[in-house]
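> I have a structure I would like to understand better, so I am pasting it below and will then ask my questions one at a time.
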Amino acid sequence: MADDLFAAEEAIVAAAETRLAERRFGCEPDRDAFHNLLSSYKKLFRQTRRLVRISDRNENELNALAEKQRLAAEEIAQKHKELEALSTKLAKYLSPQVYDSIFAGKQEVKLESQRKKLTVFFSDIVDFTETTDRLESEELTQLLNQYLSAMSEVALDYGATVDKYVGDAIMIFFGDPETRGVKEDALACVKMAIAMRERIASLAHIWRDAGIERPLACRIGINTGYCTVGNFGSEDRMDYTIIGGAVNLASRLETEAEAGQILISYETYAQIKDEILCQEVGEVQVKGIAYKIASYRVLGLRDDLDQQSQDISEDLPHFKLSTQPHLMSDDERRTAAAALQKALASLSEPKKEQSGTRPARSQSVKAKRR
Amino acid sequence: MNNIDIAATDRSPAVSFDFKNHRLKISGESYPEDVTQFYNPLFQALDGYLTELGDGACRFEFELIYFNSSSAKAIMTLMDKLEDAAGNGASIDVYWMFDEEDDTMAELGEEFGEELENARFHLEKMIVDG
């Protein structure tokens, strides 16, 4: 191939060498000059052939490298895809906050812990076992997953770290790995508990269709305090969780709560009382704790309760009224007040017999008989 | 005459022209953005040295891993200068060191060596550290 490529140059060199051998030069200087020219040409020709070869070799090597790189990139992309799919599966076994924290490199996966002030949440469904006794295990699984999915959805909306599920019980905490401050964490936790309670109510009809006659209700316990948070277990199998007296107290409060109740400790109450309306339950003696615990029952968000107290709604056969004063403009209020005054005045008048507007039943019957 | 010591970069080779001890070496990879700018000062320094060398002895080592076509032309120019000096009476030894696993570099060395008639050419395997 190379010989063919340089055939013309080879022919020139061959012709020049023949000419030189024939000694047909007029004078010696001409011959020497021709000889030098031919030598330089031959050298340049050799160099050109060498450079072409080098260039081709380099190009081949580069192409081979590029192909190798392409295959490596393909392999990496495939591995990346596999790892991504695997990590997506594994992520479901972890709280999103913990997962994100590990993947962002903010948290090391080793056996270590630290103390932090957290708000801890426990909930379970009252008499779950008894209530779901008649269900087949497939139905029970579906029901439980539906319940836990709905609760997790609410928890994530409020930025909670879902620690674990134990049957129908849920353990959640606020303040780690991300914290918005102790007060905000406590507030988010109690708001989440209220939202969960409402969500369970909205699921009641689904459960009724599933054969559960008595509506399910959950009980919730919340406490704020210092906990030890981190990885516990062994180097091979660790669990990111919390331990400590504050955790136990939240669990005990949950046990003490009645159906549909959210029972919180004083430490939590002190953080949320400005926004959440609570009712003091008094000091309760909880199992496993030597001293009595001041506890509070959560009634609801102050704003919601204020609005609800202002709303008036009445639906009688001849009287319908629905007002939401907090949503009304000034003009609307004036118009509504005038209408109500008119209605009041009308209601204050003695009741008149209705005549002429509609025939009395007896008259009507008589007319038909005729 | 001052020695020349240039550290290697990603694209240009290390240069160690120890004129006092008559040991000159170019090593590494050679594909500089501007080959002329890199090699011209070396050509000039080598010309000056070889003129002063007269019939003295010199060892020139090439220990290259990769070079592009323009660098190949520069290497051939260096070899021409060494060959000319040897033709004028200097005792020149040219060493072409190649990686044991790099057949291409060994073949190139052989080809370059074919051009040398007066300078002595040595094709040798690199001694790998460690």
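The chains in the structure tokens are called A, B, ... from first to last as shown; in each chain the residues are counted from 1, and the ligands are counted from 1 in the order shown.
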Within 9 Å of segment 46-55 of chain A, counting only C-alpha atoms, which residues qualify if same-chain residues fewer than 5 places away don't, as a list in words?

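In the requested form, the answer reads Ala2, Phe6, Tyr41 and Asn60 of chain A; Phe67, Asn68, Ser69, Ser70, Ala72, Lys73, Met76, Thr104, Leu108, Glu111 and Phe112 of chain B.
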
> Using C-alpha atoms, can you export the residues from the last selection as a short mmCIF file (atom, residue, chain, number, x, y, z; two decimals), in the first residue's frame?


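Ended up saving to result30.cif:
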data_model
loop_
_atom_site.label_atom_id
_atom_site.label_comp_id
_atom_site.auth_asym_id
_atom_site.auth_seq_id
_atom_site.Cartn_x
_atom_site.Cartn_y
_atom_site.Cartn_z
CA ALA A 2 2.80 2.40 1.00
CA PHE A 6 4.77 6.59 -3.32
CA TYR A 41 15.34 14.40 -2.37
CA ASN A 60 -4.74 4.42 14.81
CA PHE B 67 5.27 12.37 19.89
CA ASN B 68 3.25 13.86 17.07
CA SER B 69 4.31 14.28 13.44
CA SER B 70 5.68 17.81 13.87
CA ALA B 72 9.01 13.74 14.64
CA LYS B 73 10.34 16.26 12.16
CA MET B 76 14.91 14.12 12.75
CA THR B 104 5.75 1.28 17.93
CA LEU B 108 10.39 4.23 15.13
CA GLU B 111 13.86 3.78 11.46
CA PHE B 112 15.48 6.90 12.88
#

> Can you tell me, as a count of residues only, which residues in segment 133-361 of chain A count as strand (DSSP E or B) by DSSP?

66

> Which of these residues is nearest to Leu249 of chain A, using only C-alpha atoms: A:Thr129, A:Ile272, A:Phe121, A:Gly175?

A:Phe121

> Which one of B:Phe60, B:Lys20, B:Asp93, B:Asn3 sits closest to Glu117 of chain B if you count only C-alpha atoms?

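Nearest candidate to Glu117 of chain B out of B:Phe60, B:Lys20, B:Asp93, B:Asn3: B:Asp93.
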
> Nearest residue to Gly54 of chain B out of B:Ala90, B:Val15, B:Met126, B:Ile4, using only C-alpha atoms?

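When distances to Gly54 of chain B are compared using only C-alpha atoms, the smallest one comes from B:Ala90.
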